[in-house]
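Student: Next comes work_1.cif, mmCIF, C-alpha atoms:
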```
data_upload
#
loop_
_atom_site.label_atom_id
_atom_site.label_comp_id
_atom_site.auth_asym_id
_atom_site.auth_seq_id
_atom_site.Cartn_x
_atom_site.Cartn_y
_atom_site.Cartn_z
CA MET A 176 0.00 0.00 0.00
CA TRP A 177 1.24 3.50 -0.85
CA ASP A 178 0.34 4.81 2.62
CA ASP A 179 2.71 2.36 4.32
CA ASP A 180 5.97 3.86 5.57
CA SER A 181 9.05 1.79 4.78
CA TYR A 182 12.76 2.22 5.45
CA PHE A 183 15.98 0.77 4.11
CA ALA A 184 19.62 1.27 5.00
CA ALA A 185 21.60 3.12 2.34
CA SER A 186 25.04 1.74 1.48
CA ASP A 187 26.62 3.95 4.17
CA GLY A 188 24.05 2.88 6.80
CA VAL A 189 21.84 5.98 6.80
CA ALA A 190 18.14 5.11 7.21
CA ILE A 191 16.10 6.28 4.21
CA HIS A 192 12.29 6.54 4.32
CA PHE A 193 10.43 5.54 1.16
CA GLN A 194 7.00 4.65 -0.15
CA ASP A 195 6.24 2.21 -2.97
CA ALA A 196 2.86 1.67 -4.59
CA GLY A 197 3.94 -1.77 -5.83
CA GLY A 198 1.98 -3.44 -8.60
CA PRO A 199 2.84 -4.40 -12.19
CA GLY A 200 3.26 -0.90 -13.63
CA VAL A 201 6.56 0.33 -14.99
CA PRO A 202 8.33 2.00 -12.03
CA ILE A 203 8.88 5.73 -11.62
CA LEU A 204 11.35 6.92 -8.99
CA PHE A 205 10.52 10.40 -7.62
CA VAL A 206 13.33 12.53 -6.17
CA HIS A 207 12.23 15.73 -4.41
CA GLY A 208 13.92 19.07 -3.85
CA PHE A 209 15.59 21.02 -1.05
CA THR A 210 13.47 21.38 2.14
CA ALA A 211 10.72 19.23 0.55
CA SER A 212 9.58 15.65 1.25
CA ILE A 213 7.54 12.90 -0.39
CA GLY A 214 4.30 14.45 0.81
CA GLY A 215 5.25 18.08 0.34
CA GLN A 216 6.70 17.79 -3.16
CA TRP A 217 4.62 15.02 -4.68
CA GLY A 218 1.82 13.80 -2.42
CA ARG A 219 -0.21 16.89 -1.61
CA PRO A 220 0.36 18.52 -5.03
CA GLY A 221 -1.03 15.32 -6.60
CA LEU A 222 1.59 14.35 -9.19
CA ILE A 223 2.21 10.91 -7.71
CA ALA A 224 -1.51 10.16 -7.34
CA GLY A 225 -2.17 11.31 -10.89
CA LEU A 226 0.54 9.10 -12.38
CA ARG A 227 -0.39 6.14 -10.20
CA GLU A 228 -3.98 6.39 -11.45
CA LYS A 229 -2.61 6.15 -14.99
CA GLY A 230 -1.03 2.78 -14.22
CA TRP A 231 2.53 3.60 -13.24
CA ARG A 232 4.27 2.08 -10.21
CA THR A 233 5.19 5.09 -8.10
CA ILE A 234 8.20 5.00 -5.76
CA ALA A 235 9.50 7.96 -3.77
CA TYR A 236 11.99 8.57 -1.00
CA ASP A 237 12.75 11.35 1.45
CA LEU A 238 16.22 12.65 0.73
CA ARG A 239 18.64 12.21 3.62
CA GLY A 240 18.34 15.32 5.78
CA HIS A 241 14.63 15.57 4.95
CA GLY A 242 11.25 14.17 5.92
CA LYS A 243 11.35 10.89 7.82
CA SER A 244 14.83 9.91 6.65
CA ASP A 245 17.87 10.25 8.92
CA ARG A 246 19.30 13.75 9.19
CA PRO A 247 23.05 13.44 9.68
CA HIS A 248 25.10 16.59 10.23
CA GLY A 249 28.16 17.63 8.29
CA TYR A 250 29.20 17.93 4.66
CA GLU A 251 30.57 14.39 4.50
CA ALA A 252 27.10 12.80 4.82
CA TYR A 253 25.97 14.58 1.63
CA ALA A 254 29.21 14.82 -0.35
CA LYS A 255 29.80 13.83 -3.97
CA ASP A 256 27.08 11.45 -5.28
CA ARG A 257 25.87 10.37 -1.83
CA MET A 258 22.35 11.84 -2.04
CA GLY A 259 21.65 10.57 -5.55
CA ARG A 260 23.24 7.23 -4.76
CA ASP A 261 20.47 6.72 -2.18
CA GLY A 262 18.05 6.53 -5.11
CA ILE A 263 20.17 3.88 -6.82
CA ASP A 264 20.41 1.99 -3.50
CA LEU A 265 16.62 2.10 -3.24
CA LEU A 266 16.23 0.56 -6.71
CA ASP A 267 18.67 -2.16 -5.61
CA HIS A 268 16.70 -2.70 -2.40
CA LEU A 269 13.51 -3.18 -4.45
CA ASN A 270 15.27 -5.39 -7.03
CA ILE A 271 14.45 -2.92 -9.81
CA ASP A 272 16.90 -2.87 -12.70
CA LYS A 273 15.61 0.25 -14.46
CA ALA A 274 13.08 2.98 -13.69
CA HIS A 275 11.88 6.27 -15.08
CA ILE A 276 13.18 9.06 -12.84
CA VAL A 277 11.22 12.23 -12.09
CA ALA A 278 13.42 14.65 -10.16
CA TYR A 279 12.70 18.19 -9.00
CA SER A 280 14.99 21.08 -8.06
CA LEU A 281 17.82 19.70 -5.86
CA GLY A 282 16.60 16.22 -6.86
CA ALA A 283 17.22 17.11 -10.51
CA HIS A 284 20.76 18.30 -9.77
CA ILE A 285 21.76 15.24 -7.77
CA MET A 286 20.31 12.77 -10.27
CA VAL A 287 21.99 14.42 -13.27
CA HIS A 288 25.27 14.10 -11.38
CA THR A 289 24.72 10.56 -10.07
CA LEU A 290 23.44 9.14 -13.36
CA GLN A 291 26.75 9.99 -15.00
CA GLY A 292 27.94 6.74 -13.41
CA HIS A 293 24.63 4.85 -13.51
CA LYS A 294 23.15 5.58 -16.94
CA ASP A 295 21.93 2.00 -17.27
CA ARG A 296 19.49 2.46 -14.36
CA ALA A 297 17.28 5.12 -15.98
CA LEU A 298 14.61 4.45 -18.60
CA SER A 299 14.22 8.22 -18.88
CA LEU A 300 14.87 11.35 -16.84
CA CYS A 301 12.36 14.14 -16.20
CA LEU A 302 13.99 17.27 -14.77
CA GLY A 303 11.68 19.76 -13.07
CA GLY A 304 12.57 23.19 -11.72
CA SER A 305 16.32 22.72 -12.20
CA ALA A 306 18.40 21.62 -15.16
CA GLY A 307 21.54 20.11 -13.67
CA ARG A 308 24.60 21.98 -12.46
CA TRP A 309 26.29 22.35 -15.86
CA ASP A 310 26.38 26.14 -15.36
CA TRP A 311 28.03 26.14 -11.92
CA THR A 312 30.32 29.07 -11.05
CA ASP A 313 32.58 30.18 -8.21
CA LYS A 314 29.97 32.85 -7.45
CA LEU A 315 27.36 30.15 -6.85
CA THR A 316 29.77 28.28 -4.59
CA GLN A 317 30.18 31.44 -2.52
CA ALA A 318 26.40 31.90 -2.43
CA VAL A 319 25.60 28.39 -1.17
CA HIS A 320 28.32 28.58 1.48
CA ALA A 321 26.84 31.89 2.65
CA GLU A 322 23.42 30.20 2.75
CA ALA A 323 24.92 27.33 4.76
CA ASP A 324 26.41 29.79 7.24
CA GLU A 325 22.99 31.41 7.63
CA LEU A 326 21.25 28.04 8.05
CA GLU A 327 23.57 27.23 10.93
CA THR A 328 22.09 30.28 12.68
CA GLY A 329 18.54 28.99 12.09
CA SER A 330 17.56 31.19 9.13
CA ILE A 331 16.97 30.44 5.44
CA ILE A 332 16.27 33.94 4.10
CA LYS A 333 19.13 34.01 1.57
CA HIS A 334 17.83 30.80 -0.03
CA ILE A 335 14.29 32.18 -0.17
CA LEU A 336 15.42 35.35 -1.90
CA ARG A 337 17.36 33.40 -4.54
CA GLN A 338 14.24 31.36 -5.42
CA LEU A 339 11.83 34.30 -5.80
CA PRO A 340 10.76 35.44 -9.30
CA GLN A 341 13.14 38.27 -10.09
CA HIS A 342 10.45 40.67 -11.34
CA LYS A 343 8.43 40.43 -8.11
CA PRO A 344 8.90 43.00 -5.30
CA ARG A 345 11.22 41.96 -2.46
CA PRO A 346 9.22 40.97 0.64
CA SER A 347 9.65 43.08 3.74
CA ASP A 348 12.14 42.00 6.39
CA ASP A 349 9.31 40.85 8.65
CA GLU A 350 7.70 38.88 5.80
CA LEU A 351 11.04 37.22 5.09
CA ARG A 352 11.46 36.27 8.75
CA GLN A 353 8.00 34.70 8.76
CA LEU A 354 8.70 32.86 5.50
CA SER A 355 11.95 31.56 7.00
CA ILE A 356 10.22 30.29 10.13
CA LYS A 357 7.57 28.52 8.05
CA LYS A 358 10.13 27.04 5.64
CA LEU A 359 12.22 25.57 8.46
CA GLU A 360 9.31 24.23 10.48
CA GLY A 361 10.03 20.56 11.21
CA MET A 362 13.40 20.76 9.44
CA ASP A 363 16.95 20.32 10.75
CA ALA A 364 18.73 23.50 9.69
CA VAL A 365 22.20 22.12 10.46
CA ALA A 366 21.58 19.09 8.24
CA LEU A 367 20.36 21.44 5.49
CA ALA A 368 23.58 23.44 5.86
CA GLY A 369 25.57 20.27 5.20
CA ILE A 370 23.58 19.74 1.99
CA LYS A 371 24.27 23.32 0.90
CA ARG A 372 28.00 22.81 1.38
CA ALA A 373 27.84 19.68 -0.82
CA MET A 374 26.11 21.41 -3.74
CA PRO A 375 29.35 22.30 -5.60
CA ASP A 376 30.04 18.54 -5.74
CA HIS A 377 27.15 18.16 -8.19
CA ALA A 378 28.72 20.34 -10.87
CA ILE A 379 29.19 18.79 -14.31
CA THR A 380 30.17 20.11 -17.75
CA LYS A 381 28.00 20.97 -20.73
CA GLU A 382 29.62 18.09 -22.59
CA LEU A 383 28.57 15.63 -19.88
CA MET A 384 25.04 17.05 -19.93
CA ILE A 385 24.81 16.56 -23.69
CA SER A 386 26.16 13.02 -23.38
CA LEU A 387 23.59 12.16 -20.72
CA ALA A 388 20.71 13.49 -22.83
CA ARG A 389 21.90 11.49 -25.83
CA THR A 390 21.97 8.33 -23.71
CA ILE A 391 18.77 8.78 -21.67
CA PRO A 392 15.53 10.32 -23.02
CA MET A 393 15.17 13.60 -21.15
CA LEU A 394 12.27 15.96 -20.43
CA GLY A 395 12.54 19.38 -18.81
CA PHE A 396 9.52 21.02 -17.20
CA VAL A 397 9.62 24.45 -15.64
CA GLY A 398 7.23 27.25 -14.72
CA THR A 399 7.38 30.52 -16.61
CA GLU A 400 7.56 32.29 -13.22
CA ASP A 401 10.54 30.20 -12.10
CA PRO A 402 13.96 31.93 -12.03
CA GLN A 403 15.34 28.70 -13.53
CA LEU A 404 13.46 29.24 -16.83
CA PRO A 405 16.39 30.93 -18.66
CA ILE A 406 18.70 28.09 -17.65
CA PHE A 407 16.30 25.52 -19.12
CA ARG A 408 16.09 27.55 -22.31
CA ASP A 409 19.89 27.67 -22.49
CA LEU A 410 19.98 23.90 -21.99
CA ALA A 411 17.44 23.34 -24.77
CA GLY A 412 19.58 25.54 -27.01
CA PHE A 413 22.70 23.37 -26.79
CA CYS A 414 21.10 20.03 -25.92
CA GLU A 415 19.01 19.20 -28.96
CA THR A 416 17.63 15.93 -27.58
CA LEU A 417 15.96 17.59 -24.57
CA GLU A 418 12.19 18.04 -24.72
CA LEU A 419 11.26 21.24 -22.88
CA VAL A 420 7.78 22.06 -21.54
CA GLU A 421 7.12 25.49 -20.04
CA ILE A 422 4.19 25.62 -17.62
CA ALA A 423 2.51 29.02 -18.07
CA GLY A 424 2.23 31.01 -14.84
CA ALA A 425 3.76 28.29 -12.65
CA THR A 426 6.33 29.15 -9.99
CA HIS A 427 9.18 27.02 -8.66
CA GLY A 428 6.97 26.06 -5.73
CA ASN A 429 3.71 25.13 -7.43
CA CYS A 430 4.86 23.65 -10.74
CA PRO A 431 4.71 19.99 -9.58
CA GLY A 432 1.01 20.35 -8.77
CA ARG A 433 -0.12 21.74 -12.11
CA GLN A 434 -2.29 19.59 -14.36
CA GLU A 435 -0.09 20.57 -17.30
CA THR A 436 2.88 19.03 -15.51
CA LEU A 437 1.03 15.75 -14.97
CA SER A 438 0.03 15.64 -18.64
CA ALA A 439 3.54 16.47 -19.85
CA VAL A 440 5.27 13.88 -17.67
CA ASP A 441 2.73 11.12 -18.42
CA GLY A 442 2.88 11.82 -22.15
CA PHE A 443 6.68 11.80 -22.18
CA LEU A 444 6.90 8.55 -20.21
CA ARG A 445 4.38 6.85 -22.50
CA LYS A 446 6.65 7.63 -25.44
CA HIS A 447 9.65 6.13 -23.71
CA GLY A 448 8.33 2.99 -22.06
CA GLU A 449 4.90 1.43 -22.27
CA ARG A 450 3.06 0.61 -19.06
CA MET A 451 2.64 -2.98 -17.99
CA GLY A 452 -0.43 -4.57 -16.42
#
```
Would you mind giving the structure from this file in structure tokens?
Tutor:
Amino acid sequence: MWDDDSYFAASDGVAIHFQDAGGPGVPILFVHGFTASIGGQWGRPGLIAGLREKGWRTIAYDLRGHGKSDRPHGYEAYAKDRMGRDGIDLLDHLNIDKAHIVAYSLGAHIMVHTLQGHKDRALSLCLGGSAGRWDWTDKLTQAVHAEADELETGSIIKHILRQLPQHKPRPSDDELRQLSIKKLEGMDAVALAGIKRAMPDHAITKELMISLARTIPMLGFVGTEDPQLPIFRDLAGFCETLELVEIAGATHGNCPGRQETLSAVDGFLRKHGERMG
């Protein structure tokens, strides 16, 4: 049953929470974003339920540092391909050779990086909200380290500001404080800081991004109100095999719950692997 909570030990012993609908459908592995969870990213917005109703086997896990998974502290627990490798470990745990992968925001970055060494495990890759760290710069490294420093004080305002649509007015200081409190409710800010410090590890090159897209069918979906939209358009410009869908009016936060997203992902997956059962 999808509502059952299950756990497995990742290859370094960290306990990872997951949910698996089971059944004969072709499997989809869902990988959520920073500060999200299975329920927050996929469950309540309805993307998992919508795809499950269409016959797919839906599998999702809480990233380490998030949700009901363990929340170790320190960069080392999140370094290199560790976060994305948890997804590969989960497929191994479930005896699944290949799956479609739907990854959002941080989930998209870590899976683009991890799949460089595990291309045979993905039937396809759907990237939402983020397009892989092929455009990483020293300036971004400085930014995420500053955000990590702030997280260690119990605030996430710098991260919030970076995710806001650039043409919208800046919230007041009090509004930002309230947004920060809400964003960190139930979270472990020190664990999140460790994840921030590991983000430069996920950087790849344009050449590696092109190679991945030529090997694995790839969809990009992004809201037109998402600051990541220009990066997806740049990716589509040099990566001719990418299929890009822009969700009109969607933000970084609400894109996974849009009906257009469900239709785009289901249609793409149907083209790249028929359902069973």
Student: Can you tell me how far atom CA of A:Asp349 sits from atom CA of A:Lys333, in Å to one decimal?
Tutor: 13.9 Å
Student: Under the rule that all atoms listed in the file are counted, which of A:Gly329, A:Gly230, A:Gly432, A:Pro402 is the nearest residue to A:Ala364?
Tutor: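 Between A:Gly329, A:Gly230, A:Gly432, A:Pro402, the residue approaching A:Ala364 most closely is A:Gly329.
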Student: Could you tell me how far atom CA of A:Asp264 lies from atom CA of A:Ala323, in Å and to one decimal?
Tutor: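 Separation between atom CA of A:Asp264 and atom CA of A:Ala323: 27.0 Å.
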Student: How far is it from atom CA of A:Leu419 to atom CA of A:Phe407, in Å with one decimal?
Tutor: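 About the pair atom CA of A:Leu419 and atom CA of A:Phe407: they are 7.6 Å apart.
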Student: Could you tell me which residues the PyMOL selection byres ((chain A and resi 307) around 9) returns for this structure, as JSON, numbers by chain?
Tutor: {"A": [280, 281, 283, 284, 285, 286, 287, 288, 302, 305, 306, 308, 309, 310, 377, 378, 379, 384]}
Student: Can you list, as a PyMOL selection string, every protein, DNA or RNA residue that comes within 10 Å of A:Leu290 when you count all atoms listed in the file, leaving out same-chain residues fewer than 3 positions away?
Tutor: chain A and resi 256+259-260+263+285-287+293-297+300+387+391
Student: Quick one: of A:Ile335, A:Val319, A:Ala278, A:Leu269, who's nearest to A:Val397, counting all atoms listed in the file?
Tutor: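 Distance minimum relative to A:Val397 lands on A:Ala278.
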Student: Taking the file as shown, find all residues satisfying the PyMOL selection byres ((chain A and resi 435) around 10) and write them as a ChimeraX atom specification.
Tutor: /A:396,420-423,425,430-434,436-441
Student: Considering only C-alpha atoms, can you say which of A:Phe193, A:Trp311, A:Phe443, A:Phe183 comes closest to A:Tyr236?
Tutor: A:Phe193
Student: Quick one: apply the PyMOL selection byres ((chain A and resi 373) around 6) to the file and drop the selected residues here as number ranges by chain.
Tutor: A: 250, 253-254, 370-372, 374-376
Student: When you look at A:Ile356 with a cut-off of 12 Å (counting only C-alpha atoms), what residues show up, excluding the ones that are within fewer than 4 positions of it in the same chain? I need them as number ranges by chain.
Tutor: A: 326, 329-332, 335, 349-352, 360-362, 364
Student: Using all atoms listed in the file, which residue out of A:Phe205, A:Asp409, A:Ile385, A:Ala185 lies closest to A:Leu222?
Tutor: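 Using all atoms listed in the file, the shortest distance to A:Leu222 belongs to A:Phe205.
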Student: My list of candidates is A:Gln216, A:Thr380, A:Thr390, A:Gln194. Which is closest to A:Leu298 when distances are computed with all atoms listed in the file?
Tutor: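 Looking at the shortest contact to A:Leu298, the residue is A:Thr390.
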Student: Once 4 Å is added on each side, what centre and edge lengths in Å to one decimal does the axis-aligned box around all listed atoms of stretch 424-434 of chain A have, as JSON?
Tutor:
```
{"center_x": 3.4, "center_y": 25.3, "center_z": -10.3, "size_x": 19.5, "size_y": 19.4, "size_z": 17.1}
```
Student: From the options A:Gln341, A:Ser299, A:Thr328, A:Thr289, which residue's atoms come nearest to A:Ala388, counting only C-alpha atoms?
Tutor: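 The closest residue to A:Ala388 is A:Ser299.
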Student: Residues near A:His241, anyone? I mean within 9 Å using only C-alpha atoms, not counting same-chain ones fewer than 3 positions away, as a PyMOL selection string.
Tutor: chain A and resi 209-212+237-238+244-246+362-363+366-367
